[in-house]
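Novice: Encoded as structure tokens, here's the structure I'll be asking about.
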Amino acid sequence: MTSSKNATDPSLGDVVFSIKTFAAAMLALGLALCFDLPNPYWAVGTVYIVAHPLSGASTSKALYRLIGTALGGTVTVILIPNLVNSPEMLTLAIALWMAFCLGVSLLDRTPRSYSFMLAGYTTALTGFPIVANPDTAFTYATARVEEIALGIICAAVVNRIFFPRHAGPVLAARINAWLRDGAELAIGTLEGRGRDPSLLAAARRLAADAVDLHSFTTHVAYDTSALRDMVGRTRMLQQRMVAMLPVVSGLADVLHALDKATAGKFTPAITALVTEVSALLENGAPLAEDKRQHLLALIAKAEEEGREQQEWNGLLAHNFTARIRDLVQIWGDCLSLREDIQSGSHHDLRWRRFGTSFDRAPIHKDYGMAVHSGLSVMLATFIATALWIYTGWPQGSAAAMMAGVLCCIFSSMDDPAPMMIKFVNVAIVTVIAAFVFEFGLMPLIHTYVELAAALGLVLVPAGLLMTKPSLALYGMGFCVNLPNMLTLQDRLSLDLASFLNSNAAMIIGMVIACGTTVLVRSVGAEWTAYRLLRSGWTDIVTAARRPEDVDFTKLLYRMVDRFGLVAPRLAMIPAESAVAQTDILRDLRNGLNTLELQRHKQLVSRDKREPIENVLSGVAAYYQQKQKSRDAQPDGNLLTTLDQSLAALIEAGRSSAIEGARRSMTALRYTLYPDAASLAQAVTGATAGTAKEHAA
């Protein structure tokens, strides 16, 4: 029997990446030494910081790093000469700047957020070391920008010329995988398995992938592949992916309600629709015009057959066909957009129901967490700076630098402490390796070639770790820190006291950052997930109370964006937790149905709006109650309101606005009360009462 290859074993591509990155680092070191730049190790570390297996990702990261470094250096030149005589004010200014930049970075949530974060901690990196020599602020900051730029250029040139790996093919593979998994989710839902835990987990995974795809397309924009000019179509595809999830989840609800209303005996047209659409999804081919007409005929027949049974069944059949129509149109758009991306064509898109065109994707912004993270960076910087000033430690600036930098690097995590502790452990190992290298090997090295060969013995194997997500932190930490700890320059300086002092200060700064984070910043996945859920509930209340302040399309994307953020966190929360048991997709569907009900209300004559307003008030009250108690469930009053309002709208005519309002109300009823009794009795009672009035 042959054993399968271990997932952690390096592939040929991993080896090529590590060798390329090392070659770029040595090229940067050689040029820095040739041009007599003051700190060549900055250029070497930069190569490893911006290194990425994908050429486009490496280029975008490099550009954002250069912008952030230049901005941070500019702030250093402004602050240091003016505040150097007031250590307290200088510390406050740098800490506030880092906190502000970090907050903006966390709110942006795109790859360019790297620029904002870097602008913050670059000021600490370039400011604290020169407080004793403020007149060198400009030359020191300029030198850092030059050496960062040198490292970036070397990394980009080597990555693009030698065995480049483009983001385009990776993006195409991700799109194909998403569509395949999305089709499986939709087929499973149509087969009646929409509530299976495996499909719910698949929906969470697809939401996270769809949201992440928006960031990935930023890298494609910097690529040299044929997909570079198709970023717009790619983002339109991503928007369709986002919209597909609530539609499929709504199908699961309406199929459950239909199964309950018909005792599992669907009408022939509905059964045929399920079969035809499942085959369409499984086939993966575009929908031909004759097939489209056939599906439209089946949709009309399904609605007619539902009304022939009873009014409630007719309402359910109408909702089912509306979701089927959405699903088919979205799926067709996805296939067309995929073809556009691959071939450069330009198809017209069909799905317009929610409106899905916007220049800037409206994403969730957690202002509270941004402020919280900014305050933790300030506190860590204050503690490290106070230690430096009051002990008079000559190398204490390194502690002040690293305290803020480490808080910034891991700020996007719910609980950064475990990863920060790992990073500290890597730094300690790197100090030991640097000590052996500098005082054991460096005295034996006399040429640049010998130095490069010696560095290759440790940096190439460590670079392989960067290609594995589970080991990337160790590889990155070692490769970035080693050149800095060695302070690689044009001449060797074996100063043991300086080596121990500077590196000890770095470690102490990291420990301060870890301690501060544990005390004031770590929150946990459950806490963050609950905040995301509450934000969604607030949006629904706003949609029900003040529709003029809410954009339908933005609510759709923002709520699915939250779903994508919650999905990976739910996997880390105990199953018995109330947060883990919350169905965020149900809240998403209720939010969309609420806004659709608001839209139709504006088209209904004023004398017929009261039933709709009653339902909207009931929905707002329910979600206001959830904001106070996350375990709150919809009560019987809202069910009664829905039944009475539906009965009133059934007698209000068949205009498109009335039908749309009935569709939204019906969806709210079977989503909020999936196991409630059929509406038939309420409808029959209302109809009978109306008949008596006419007879009188």
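So you can find residues: chains in the structure tokens are A, B, ... in the order shown, residues in each start at 1, and ligands are numbered from 1 in order.
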If you run DSSP on the backbone, which residues of segment 481-686 of chain A are helix (DSSP H, G or I), as a PyMOL selection string?

Specialist: chain A and resi 481-486+496-520+525-545+547-549+552-570+584-601+606-608+610-628+636-650+656-672+680-686

Novice: Residues near Phe163 of chain A, anyone? I mean within 10 Å using only C-alpha atoms, not counting same-chain ones fewer than 3 positions away, as a list in words.

Specialist: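 After dropping sequence-adjacent residues, the list is Gly13, Val16, Phe17, Lys20, Ser55, Val158, Asn159, Arg160 and His166 of chain A.
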
Novice: With the cut-off set at 9 Å and counting only C-alpha atoms, tabulate each residue of segment 94-149 of chain A with an atom at most that distance from an atom of segment 64-75 of chain A, showing the nearest atom pair and its distance in Å to one decimal, ordered by chain and increasing number, as JSON lines.

Specialist:
{"residue": "A:Ile94", "atom": "CA", "partner": "A:Val75", "partner_atom": "CA", "distance": 8.9}
{"residue": "A:Trp97", "atom": "CA", "partner": "A:Val75", "partner_atom": "CA", "distance": 8.8}
{"residue": "A:Pro111", "atom": "CA", "partner": "A:Tyr64", "partner_atom": "CA", "distance": 8.0}
{"residue": "A:Arg112", "atom": "CA", "partner": "A:Tyr64", "partner_atom": "CA", "distance": 6.0}
{"residue": "A:Ser113", "atom": "CA", "partner": "A:Tyr64", "partner_atom": "CA", "distance": 8.1}
{"residue": "A:Tyr114", "atom": "CA", "partner": "A:Tyr64", "partner_atom": "CA", "distance": 6.2}
{"residue": "A:Ser115", "atom": "CA", "partner": "A:Gly68", "partner_atom": "CA", "distance": 4.2}
{"residue": "A:Phe116", "atom": "CA", "partner": "A:Gly68", "partner_atom": "CA", "distance": 6.0}
{"residue": "A:Met117", "atom": "CA", "partner": "A:Gly68", "partner_atom": "CA", "distance": 7.4}
{"residue": "A:Leu118", "atom": "CA", "partner": "A:Gly68", "partner_atom": "CA", "distance": 5.0}
{"residue": "A:Ala119", "atom": "CA", "partner": "A:Gly72", "partner_atom": "CA", "distance": 4.1}
{"residue": "A:Gly120", "atom": "CA", "partner": "A:Gly72", "partner_atom": "CA", "distance": 6.0}
{"residue": "A:Tyr121", "atom": "CA", "partner": "A:Gly72", "partner_atom": "CA", "distance": 7.3}
{"residue": "A:Thr122", "atom": "CA", "partner": "A:Gly72", "partner_atom": "CA", "distance": 5.0}
{"residue": "A:Thr123", "atom": "CA", "partner": "A:Gly72", "partner_atom": "CA", "distance": 4.8}
{"residue": "A:Ala124", "atom": "CA", "partner": "A:Gly72", "partner_atom": "CA", "distance": 8.4}
{"residue": "A:Thr126", "atom": "CA", "partner": "A:Gly73", "partner_atom": "CA", "distance": 6.9}
{"residue": "A:Gly127", "atom": "CA", "partner": "A:Gly73", "partner_atom": "CA", "distance": 8.4}
{"residue": "A:Ala137", "atom": "CA", "partner": "A:Gly73", "partner_atom": "CA", "distance": 8.8}
{"residue": "A:Phe138", "atom": "CA", "partner": "A:Gly73", "partner_atom": "CA", "distance": 8.2}
{"residue": "A:Tyr140", "atom": "CA", "partner": "A:Gly73", "partner_atom": "CA", "distance": 8.6}
{"residue": "A:Ala141", "atom": "CA", "partner": "A:Gly73", "partner_atom": "CA", "distance": 5.0}
{"residue": "A:Thr142", "atom": "CA", "partner": "A:Gly73", "partner_atom": "CA", "distance": 7.1}
{"residue": "A:Arg144", "atom": "CA", "partner": "A:Gly73", "partner_atom": "CA", "distance": 7.8}
{"residue": "A:Val145", "atom": "CA", "partner": "A:Ala70", "partner_atom": "CA", "distance": 5.9}
{"residue": "A:Ile148", "atom": "CA", "partner": "A:Leu66", "partner_atom": "CA", "distance": 6.8}
{"residue": "A:Ala149", "atom": "CA", "partner": "A:Leu66", "partner_atom": "CA", "distance": 6.3}

Novice: When distances are computed from only C-alpha atoms, which of A:Leu287, A:Leu533, A:Met665, A:Ala272 shows the smallest separation from Ala647 of chain A?

Specialist: A:Met665

Novice: Could you work out how far atom CA of Gln644 of chain A lies from atom CA of Thr594 of chain A, giving the answer in Å with one decimal?

Specialist: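 About the pair atom CA of Thr594 of chain A and atom CA of Gln644 of chain A: they are 17.1 Å apart.
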
Novice: Near segment 444-451 of chain A, counting only C-alpha atoms, which residues have an atom at most 10 Å away, once you skip same-chain residues fewer than 2 positions from it, shown as a ChimeraX atom specification?

Specialist: /A:26,29-30,33,438-442,453-456,488,490-492

Novice: Rounded to one decimal in Å, what is the spacing between atom CA of Asp253 of chain A and atom CA of Glu526 of chain A?

Specialist: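 Calculated distance between atom CA of Asp253 of chain A and atom CA of Glu526 of chain A is 26.5 Å.
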
Novice: For a quick check of understanding, using only C-alpha atoms, which of A:Thr136, A:Thr582, A:Asn503, A:Ser470 has the smallest distance to Leu200 of chain A?

Specialist: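 When distances to Leu200 of chain A are compared using only C-alpha atoms, the smallest one comes from A:Thr582.
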
Novice: Contacts of segment 413-427 of chain A at 8 Å or less, counting only C-alpha atoms, minus same-chain residues fewer than 4 places along, as a list in words?

Specialist: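 That gives Leu406, Val431, Leu473, Tyr474, Gly477, Phe478, Asn481, Ile507, Met510, Val511, Cys514, Thr517, Val518, Arg521, Ser522, Val523, Gly524, Ala525 and Thr528 of chain A.
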
Novice: For atom CA of Ala203 of chain A and atom CA of Phe563 of chain A, determine how far apart the two atoms are, in Å to one decimal place.

Specialist: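 If I compute the distance from atom CA of Ala203 of chain A to atom CA of Phe563 of chain A, I get 9.6 Å.
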
Novice: Do you know which residues are at most 12 Å from Ala543 of chain A counting only C-alpha atoms, after dropping those on the same chain fewer than 6 positions away, and could you put them as a list in words?

Specialist: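 Returned residues: Gly536, Trp537, Asp549, Val550, Asp551, Phe552, Lys554, Leu555, Leu556, Leu588, Asn590, Gly591, Leu592, Asn593, Thr594, Leu595, Glu596, Leu597, Gln598, Arg599, Leu616, Ser617, Val619, Ala620 and Tyr623 of chain A.
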
Novice: Closest to Ile508 of chain A among A:Ile428, A:Val436, A:Ala257, A:Arg586, using only C-alpha atoms?

Specialist: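 Closest to Ile508 of chain A, using only C-alpha atoms: A:Ile428.
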
Novice: Can you pull out every residue within 10 Å of Ala386 of chain A, counting only C-alpha atoms, but drop anything in the same chain fewer than 6 positions away, and send it as a list in words?

Specialist: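 Once the nearby chain positions are removed, what remains is Pro87, Glu88, Thr91, Ala380, Gly392, Gly396 and Ala400 of chain A.
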